[in-house]
Amino acid sequence: DVKVTQSSRYLVKRTGEKVFLECVQDMDHENMFWYRQDPGLGLRLIYFSYDVKMKEKGDIPEGYSVSREKKERFSLILESASTNQTSMYLCASIPGGAIHQPQHFGDGTRLSIL
Amino acid sequence: KNEVEQSPQNLTAQEGEFITINCSYSVGISALHWLQQHPGGGIVSLFMLSSGKKKHGRLIATINIQEKHSSLHITASHPRDSAVYICAVRLGGNQFYFGTGTSLTVIP
């Protein structure tokens, strides 16, 4: 079974801090995604990576950056955390070119910015 | 405008009831996914459909491509089915759109 592991389930940080959320998958998937999930809004794509060092902006990239130095690891960075970035963050992965395969999700990180 | 609309938003059922959750979408898709999210956050994939119907245990998913509509049915519902059910569509490539979810509570 594919395993997508997010480094923290719960995280509390202060406004202005630089925050790192880590995601690791163990099935050699090319594509990895970072979403945030807010009540009433569903999942929204922050960034997507289709290969090492390759990234594309999603629908809401402002205030975020990403890093993919190794195929298995996709990091989300909040450059200067703000209270409106308090949310549930979900990482997902999927094989490259696999139209008929589902995304595999991590357990999520519930991030609170105080 | 949401590309994926789910109904109902919230649903409470008695144990044993037959449950239907609906999903309508407005874009051309390569596949539709039904996802389950339990309290605590983790999301698991229940079904992926591009046509017809799929069944897994007490869960049945159907899709009508012409009408751009899918349904998720749960037969003989149980309290452990309580979760948020999310409909997601995949466009060609790696673009996904997600519904806002249906929160299901099954009462013993």
# chains A, B, ... in the order shown; residues from 1 in each chain; ligands from 1
>>> select_by_dssp(residues="chain B", states="strand (DSSP E or B)", output="mmCIF file with C-alpha atoms, in the first residue's frame")
data_model
loop_
_atom_site.group_PDB
_atom_site.id
_atom_site.type_symbol
_atom_site.label_atom_id
_atom_site.label_comp_id
_atom_site.auth_asym_id
_atom_site.auth_seq_id
_atom_site.Cartn_x
_atom_site.Cartn_y
_atom_site.Cartn_z
ATOM 1 C CA VAL B 4 -18.360 20.283 -8.301
ATOM 2 C CA GLU B 5 -21.549 20.508 -6.263
ATOM 3 C CA GLN B 6 -22.554 17.995 -3.625
ATOM 4 C CA SER B 7 -25.843 17.467 -1.849
ATOM 5 C CA ASN B 10 -25.208 17.470 6.075
ATOM 6 C CA LEU B 11 -27.052 14.215 6.563
ATOM 7 C CA THR B 12 -28.209 12.418 9.702
ATOM 8 C CA ALA B 13 -29.534 8.873 9.436
ATOM 9 C CA GLN B 14 -30.647 6.078 11.708
ATOM 10 C CA ILE B 19 -28.190 6.647 2.225
ATOM 11 C CA THR B 20 -27.622 8.539 -1.019
ATOM 12 C CA ILE B 21 -25.157 11.376 -1.569
ATOM 13 C CA ASN B 22 -25.230 13.228 -4.868
ATOM 14 C CA CYS B 23 -22.530 14.941 -6.907
ATOM 15 C CA SER B 24 -22.963 17.118 -9.994
ATOM 16 C CA TYR B 25 -20.132 18.603 -12.013
ATOM 17 C CA ALA B 31 -12.572 10.282 -13.872
ATOM 18 C CA LEU B 32 -14.642 10.917 -10.759
ATOM 19 C CA HIS B 33 -13.525 9.957 -7.262
ATOM 20 C CA TRP B 34 -15.434 9.406 -4.049
ATOM 21 C CA LEU B 35 -13.331 10.049 -0.953
ATOM 22 C CA GLN B 36 -13.982 9.458 2.742
ATOM 23 C CA GLN B 37 -12.588 11.648 5.504
ATOM 24 C CA ILE B 43 -8.647 10.995 3.420
ATOM 25 C CA VAL B 44 -9.027 7.623 1.748
ATOM 26 C CA SER B 45 -10.204 6.876 -1.753
ATOM 27 C CA LEU B 46 -13.384 4.790 -1.925
ATOM 28 C CA PHE B 47 -14.046 4.649 -5.654
ATOM 29 C CA MET B 48 -12.748 5.903 -8.945
ATOM 30 C CA LEU B 49 -15.286 5.906 -11.777
ATOM 31 C CA GLY B 52 -21.198 2.819 -14.991
ATOM 32 C CA LYS B 53 -21.275 1.505 -11.479
ATOM 33 C CA LYS B 54 -18.932 0.079 -8.851
ATOM 34 C CA LYS B 55 -19.684 -1.798 -5.635
ATOM 35 C CA HIS B 56 -17.542 -2.467 -2.597
ATOM 36 C CA LEU B 59 -21.013 1.011 -0.808
ATOM 37 C CA ILE B 60 -22.196 1.563 -4.363
ATOM 38 C CA ALA B 61 -21.128 4.373 -6.682
ATOM 39 C CA THR B 62 -22.734 5.251 -9.991
ATOM 40 C CA ILE B 63 -21.966 7.815 -12.648
ATOM 41 C CA ASN B 64 -23.944 9.190 -15.579
ATOM 42 C CA HIS B 69 -23.885 13.316 -12.195
ATOM 43 C CA SER B 70 -22.728 10.686 -9.718
ATOM 44 C CA SER B 71 -24.260 9.132 -6.622
ATOM 45 C CA LEU B 72 -22.760 7.330 -3.654
ATOM 46 C CA HIS B 73 -25.093 4.903 -1.900
ATOM 47 C CA ILE B 74 -24.584 3.255 1.467
ATOM 48 C CA ALA B 83 -17.578 10.660 8.085
ATOM 49 C CA VAL B 84 -17.314 13.383 5.489
ATOM 50 C CA TYR B 85 -17.743 12.106 1.931
ATOM 51 C CA ILE B 86 -16.073 14.138 -0.788
ATOM 52 C CA CYS B 87 -16.666 14.003 -4.522
ATOM 53 C CA ALA B 88 -13.678 14.916 -6.693
ATOM 54 C CA VAL B 89 -13.313 15.083 -10.461
ATOM 55 C CA ARG B 90 -10.152 14.752 -12.463
ATOM 56 C CA PHE B 96 -8.602 17.933 -9.669
ATOM 57 C CA TYR B 97 -11.702 19.776 -8.481
ATOM 58 C CA PHE B 98 -13.251 18.888 -5.141
ATOM 59 C CA THR B 102 -21.214 15.797 2.774
ATOM 60 C CA SER B 103 -21.034 15.300 6.521
ATOM 61 C CA LEU B 104 -22.800 12.053 7.416
ATOM 62 C CA THR B 105 -23.791 11.082 10.944
ATOM 63 C CA VAL B 106 -25.337 7.660 11.525
ATOM 64 C CA ILE B 107 -27.113 7.333 14.864
#
>>> closest_atom_pairs(of="chain A", to="chain B", cutoff="8 Å", atoms="only C-alpha atoms", output="Markdown table")
| residue | atom | partner | partner_atom | distance |
| --- | --- | --- | --- | --- |
| A:Pro39 | CA | B:Thr100 | CA | 7.9 |
| A:Gly40 | CA | B:Thr100 | CA | 5.8 |
| A:Leu41 | CA | B:Thr100 | CA | 5.6 |
| A:Gly42 | CA | B:Thr100 | CA | 4.0 |
| A:Leu43 | CA | B:Phe98 | CA | 6.0 |
| A:Arg44 | CA | B:Phe98 | CA | 7.8 |
| A:Met88 | CA | B:Gly41 | CA | 8.0 |
| A:Gly97 | CA | B:Gly93 | CA | 7.7 |
| A:Ile99 | CA | B:Gly93 | CA | 7.1 |
| A:His100 | CA | B:Ala31 | CA | 7.0 |
| A:Gln101 | CA | B:Met48 | CA | 7.4 |
| A:Pro102 | CA | B:Met48 | CA | 6.6 |
| A:Gln103 | CA | B:Ser45 | CA | 7.4 |
| A:His104 | CA | B:Val44 | CA | 7.1 |
| A:Phe105 | CA | B:Ile43 | CA | 5.8 |
| A:Gly106 | CA | B:Gly42 | CA | 6.1 |
| A:Asp107 | CA | B:Gly42 | CA | 3.8 |
| A:Gly108 | CA | B:Gly41 | CA | 5.6 |
>>> write_last_selection(atoms="N, CA and C atoms", output="short mmCIF file (atom, residue, chain, number, x, y, z; two decimals), in the first residue's frame")
data_model
loop_
_atom_site.label_atom_id
_atom_site.label_comp_id
_atom_site.auth_asym_id
_atom_site.auth_seq_id
_atom_site.Cartn_x
_atom_site.Cartn_y
_atom_site.Cartn_z
N PRO A 39 -13.43 24.92 6.19
CA PRO A 39 -14.87 24.62 6.24
C PRO A 39 -15.63 25.35 5.15
N GLY A 40 -16.47 24.62 4.44
CA GLY A 40 -17.32 25.21 3.41
C GLY A 40 -16.63 25.48 2.09
N LEU A 41 -15.32 25.22 2.02
CA LEU A 41 -14.58 25.53 0.79
C LEU A 41 -14.01 24.31 0.11
N GLY A 42 -13.99 23.18 0.76
CA GLY A 42 -13.39 22.02 0.13
C GLY A 42 -11.87 22.15 0.04
N LEU A 43 -11.25 21.23 -0.66
CA LEU A 43 -9.80 21.24 -0.84
C LEU A 43 -9.43 22.22 -1.94
N ARG A 44 -8.43 23.03 -1.67
CA ARG A 44 -7.92 23.96 -2.68
C ARG A 44 -6.43 23.72 -2.87
N MET A 88 -6.32 23.22 7.78
CA MET A 88 -5.87 21.83 7.64
C MET A 88 -5.11 21.74 6.32
N GLY A 97 1.36 10.01 -15.24
CA GLY A 97 0.67 9.40 -16.37
C GLY A 97 -0.43 8.44 -15.99
N ILE A 99 -3.83 8.12 -15.36
CA ILE A 99 -5.13 8.78 -15.42
C ILE A 99 -6.15 8.05 -14.55
N HIS A 100 -6.05 6.74 -14.48
CA HIS A 100 -7.07 5.97 -13.79
C HIS A 100 -6.58 5.41 -12.47
N GLN A 101 -5.89 6.27 -11.72
CA GLN A 101 -5.51 5.89 -10.36
C GLN A 101 -5.90 7.03 -9.43
N PRO A 102 -6.27 6.69 -8.18
CA PRO A 102 -6.67 7.73 -7.24
C PRO A 102 -5.46 8.42 -6.63
N GLN A 103 -5.68 9.61 -6.10
CA GLN A 103 -4.67 10.25 -5.28
C GLN A 103 -4.57 9.52 -3.94
N HIS A 104 -3.37 9.50 -3.38
CA HIS A 104 -3.16 8.96 -2.05
C HIS A 104 -2.84 10.12 -1.12
N PHE A 105 -3.61 10.23 -0.03
CA PHE A 105 -3.49 11.37 0.87
C PHE A 105 -2.77 11.00 2.15
N GLY A 106 -2.07 12.00 2.72
CA GLY A 106 -1.58 11.87 4.08
C GLY A 106 -2.70 12.13 5.08
N ASP A 107 -2.37 12.03 6.36
CA ASP A 107 -3.37 12.20 7.41
C ASP A 107 -3.69 13.66 7.71
N GLY A 108 -2.93 14.57 7.11
CA GLY A 108 -3.22 15.98 7.31
C GLY A 108 -2.44 16.58 8.47
#
>>> atom_distance(atom1="CA of Ile94 in chain A", atom2="CA of Glu30 in chain A")
6.9 Å
>>> residues_around(residues="range 52-63 of chain A", least_positions_apart="5", cutoff="12 Å", atoms="only C-alpha atoms", output="PyMOL selection string")
(chain A and resi 16+18-19+28-37+43-47+68-85) or (chain B and resi 94-97)
>>> write_last_selection(atoms="N, CA, C and O atoms", output="compact mmCIF listing (two decimals), in the first residue's frame")
# COMPACT_ATOMS: atom_id res chain seq x y z
N GLY A 16 4.36 35.47 11.77
CA GLY A 16 5.68 35.91 11.33
C GLY A 16 6.72 34.81 11.28
O GLY A 16 7.78 34.99 10.66
N LYS A 18 8.58 31.34 10.13
CA LYS A 18 8.71 30.54 8.91
C LYS A 18 8.35 29.11 9.30
O LYS A 18 8.91 28.55 10.25
N VAL A 19 7.41 28.53 8.57
CA VAL A 19 6.87 27.22 8.94
C VAL A 19 7.12 26.23 7.81
O VAL A 19 6.91 26.55 6.63
N ASP A 28 7.43 6.03 -5.00
CA ASP A 28 8.10 6.52 -6.21
C ASP A 28 7.15 7.28 -7.14
O ASP A 28 7.32 7.28 -8.36
N HIS A 29 6.16 7.96 -6.56
CA HIS A 29 5.22 8.72 -7.39
C HIS A 29 5.87 9.99 -7.90
O HIS A 29 6.56 10.70 -7.17
N GLU A 30 5.59 10.31 -9.18
CA GLU A 30 6.15 11.54 -9.75
C GLU A 30 5.42 12.78 -9.25
O GLU A 30 6.02 13.82 -9.06
N ASN A 31 4.10 12.68 -9.10
CA ASN A 31 3.28 13.85 -8.83
C ASN A 31 2.95 13.97 -7.35
O ASN A 31 2.49 13.01 -6.72
N MET A 32 3.15 15.14 -6.81
CA MET A 32 2.78 15.41 -5.42
C MET A 32 2.07 16.75 -5.33
O MET A 32 2.33 17.66 -6.12
N PHE A 33 1.17 16.85 -4.36
CA PHE A 33 0.27 18.00 -4.24
C PHE A 33 0.21 18.47 -2.79
O PHE A 33 0.28 17.67 -1.87
N TRP A 34 0.06 19.78 -2.62
CA TRP A 34 -0.31 20.35 -1.33
C TRP A 34 -1.64 21.07 -1.47
O TRP A 34 -1.82 21.92 -2.35
N TYR A 35 -2.58 20.69 -0.58
CA TYR A 35 -3.90 21.32 -0.52
C TYR A 35 -4.10 21.92 0.87
O TYR A 35 -3.52 21.46 1.85
N ARG A 36 -4.99 22.93 0.94
CA ARG A 36 -5.51 23.31 2.23
C ARG A 36 -7.02 23.11 2.21
O ARG A 36 -7.66 23.23 1.14
N GLN A 37 -7.55 22.79 3.38
CA GLN A 37 -8.96 22.48 3.49
C GLN A 37 -9.56 23.36 4.57
O GLN A 37 -9.14 23.32 5.72
N LEU A 43 -11.25 21.23 -0.66
CA LEU A 43 -9.80 21.24 -0.84
C LEU A 43 -9.43 22.22 -1.94
O LEU A 43 -10.02 22.21 -3.03
N ARG A 44 -8.43 23.03 -1.67
CA ARG A 44 -7.92 23.96 -2.68
C ARG A 44 -6.43 23.72 -2.87
O ARG A 44 -5.68 23.57 -1.90
N LEU A 45 -6.03 23.70 -4.13
CA LEU A 45 -4.65 23.37 -4.46
C LEU A 45 -3.74 24.57 -4.23
O LEU A 45 -3.97 25.66 -4.77
N ILE A 46 -2.66 24.34 -3.47
CA ILE A 46 -1.68 25.39 -3.22
C ILE A 46 -0.55 25.30 -4.25
O ILE A 46 -0.25 26.25 -4.96
N TYR A 47 0.07 24.14 -4.31
CA TYR A 47 1.15 23.89 -5.26
C TYR A 47 1.12 22.42 -5.68
O TYR A 47 0.64 21.55 -4.95
N ARG A 68 11.08 20.60 -3.71
CA ARG A 68 11.12 19.16 -4.02
C ARG A 68 12.53 18.83 -4.50
O ARG A 68 12.81 18.81 -5.68
N GLU A 69 13.38 18.55 -3.54
CA GLU A 69 14.78 18.22 -3.82
C GLU A 69 14.96 16.74 -4.08
O GLU A 69 15.90 16.32 -4.78
N LYS A 70 14.08 15.92 -3.51
CA LYS A 70 14.10 14.48 -3.74
C LYS A 70 12.71 14.03 -4.14
O LYS A 70 11.71 14.62 -3.74
N LYS A 71 12.65 12.96 -4.91
CA LYS A 71 11.36 12.53 -5.47
C LYS A 71 10.35 12.20 -4.38
O LYS A 71 9.16 12.46 -4.53
N GLU A 72 10.80 11.65 -3.27
CA GLU A 72 9.86 11.19 -2.26
C GLU A 72 9.38 12.29 -1.31
O GLU A 72 8.46 12.07 -0.55
N ARG A 73 10.00 13.45 -1.35
CA ARG A 73 9.71 14.47 -0.34
C ARG A 73 9.26 15.77 -0.98
O ARG A 73 9.93 16.29 -1.89
N PHE A 74 8.15 16.30 -0.49
CA PHE A 74 7.60 17.56 -0.99
C PHE A 74 7.28 18.43 0.21
O PHE A 74 6.45 18.06 1.05
N SER A 75 7.95 19.55 0.31
CA SER A 75 7.83 20.42 1.49
C SER A 75 7.03 21.66 1.15
O SER A 75 7.23 22.26 0.09
N LEU A 76 6.17 22.05 2.05
CA LEU A 76 5.41 23.30 1.93
C LEU A 76 5.97 24.28 2.94
O LEU A 76 6.16 23.93 4.12
N ILE A 77 6.24 25.51 2.48
CA ILE A 77 6.87 26.50 3.35
C ILE A 77 5.96 27.73 3.44
O ILE A 77 5.53 28.26 2.40
N LEU A 78 5.65 28.13 4.66
CA LEU A 78 4.97 29.38 4.90
C LEU A 78 6.05 30.40 5.23
O LEU A 78 6.68 30.31 6.29
N GLU A 79 6.31 31.32 4.33
CA GLU A 79 7.46 32.20 4.47
C GLU A 79 7.37 33.09 5.71
O GLU A 79 8.35 33.28 6.40
N SER A 80 6.19 33.61 5.97
CA SER A 80 5.96 34.44 7.16
C SER A 80 4.51 34.19 7.57
O SER A 80 3.60 34.81 7.02
N ALA A 81 4.32 33.28 8.50
CA ALA A 81 2.99 32.80 8.81
C ALA A 81 2.05 33.92 9.25
O ALA A 81 2.44 34.83 9.99
N SER A 82 0.81 33.81 8.78
CA SER A 82 -0.21 34.76 9.19
C SER A 82 -1.44 33.99 9.67
O SER A 82 -1.61 32.81 9.36
N THR A 83 -2.27 34.67 10.45
CA THR A 83 -3.42 33.98 11.06
C THR A 83 -4.37 33.41 10.02
O THR A 83 -5.03 32.39 10.27
N ASN A 84 -4.43 34.02 8.83
CA ASN A 84 -5.34 33.48 7.81
C ASN A 84 -4.79 32.21 7.14
O ASN A 84 -5.42 31.65 6.24
N GLN A 85 -3.63 31.76 7.58
CA GLN A 85 -3.10 30.49 7.11
C GLN A 85 -3.39 29.35 8.09
O GLN A 85 -2.95 28.22 7.88
N ASN B 94 -3.33 16.49 -14.40
CA ASN B 94 -3.27 16.38 -12.93
C ASN B 94 -4.12 17.42 -12.23
O ASN B 94 -3.85 17.77 -11.09
N GLN B 95 -5.14 17.90 -12.88
CA GLN B 95 -6.00 18.90 -12.27
C GLN B 95 -7.23 18.21 -11.67
O GLN B 95 -7.93 17.45 -12.35
N PHE B 96 -7.46 18.49 -10.39
CA PHE B 96 -8.60 17.93 -9.67
C PHE B 96 -9.46 19.08 -9.14
O PHE B 96 -8.94 20.11 -8.70
N TYR B 97 -10.78 18.88 -9.17
CA TYR B 97 -11.70 19.78 -8.48
C TYR B 97 -12.44 18.96 -7.43
O TYR B 97 -12.84 17.83 -7.67
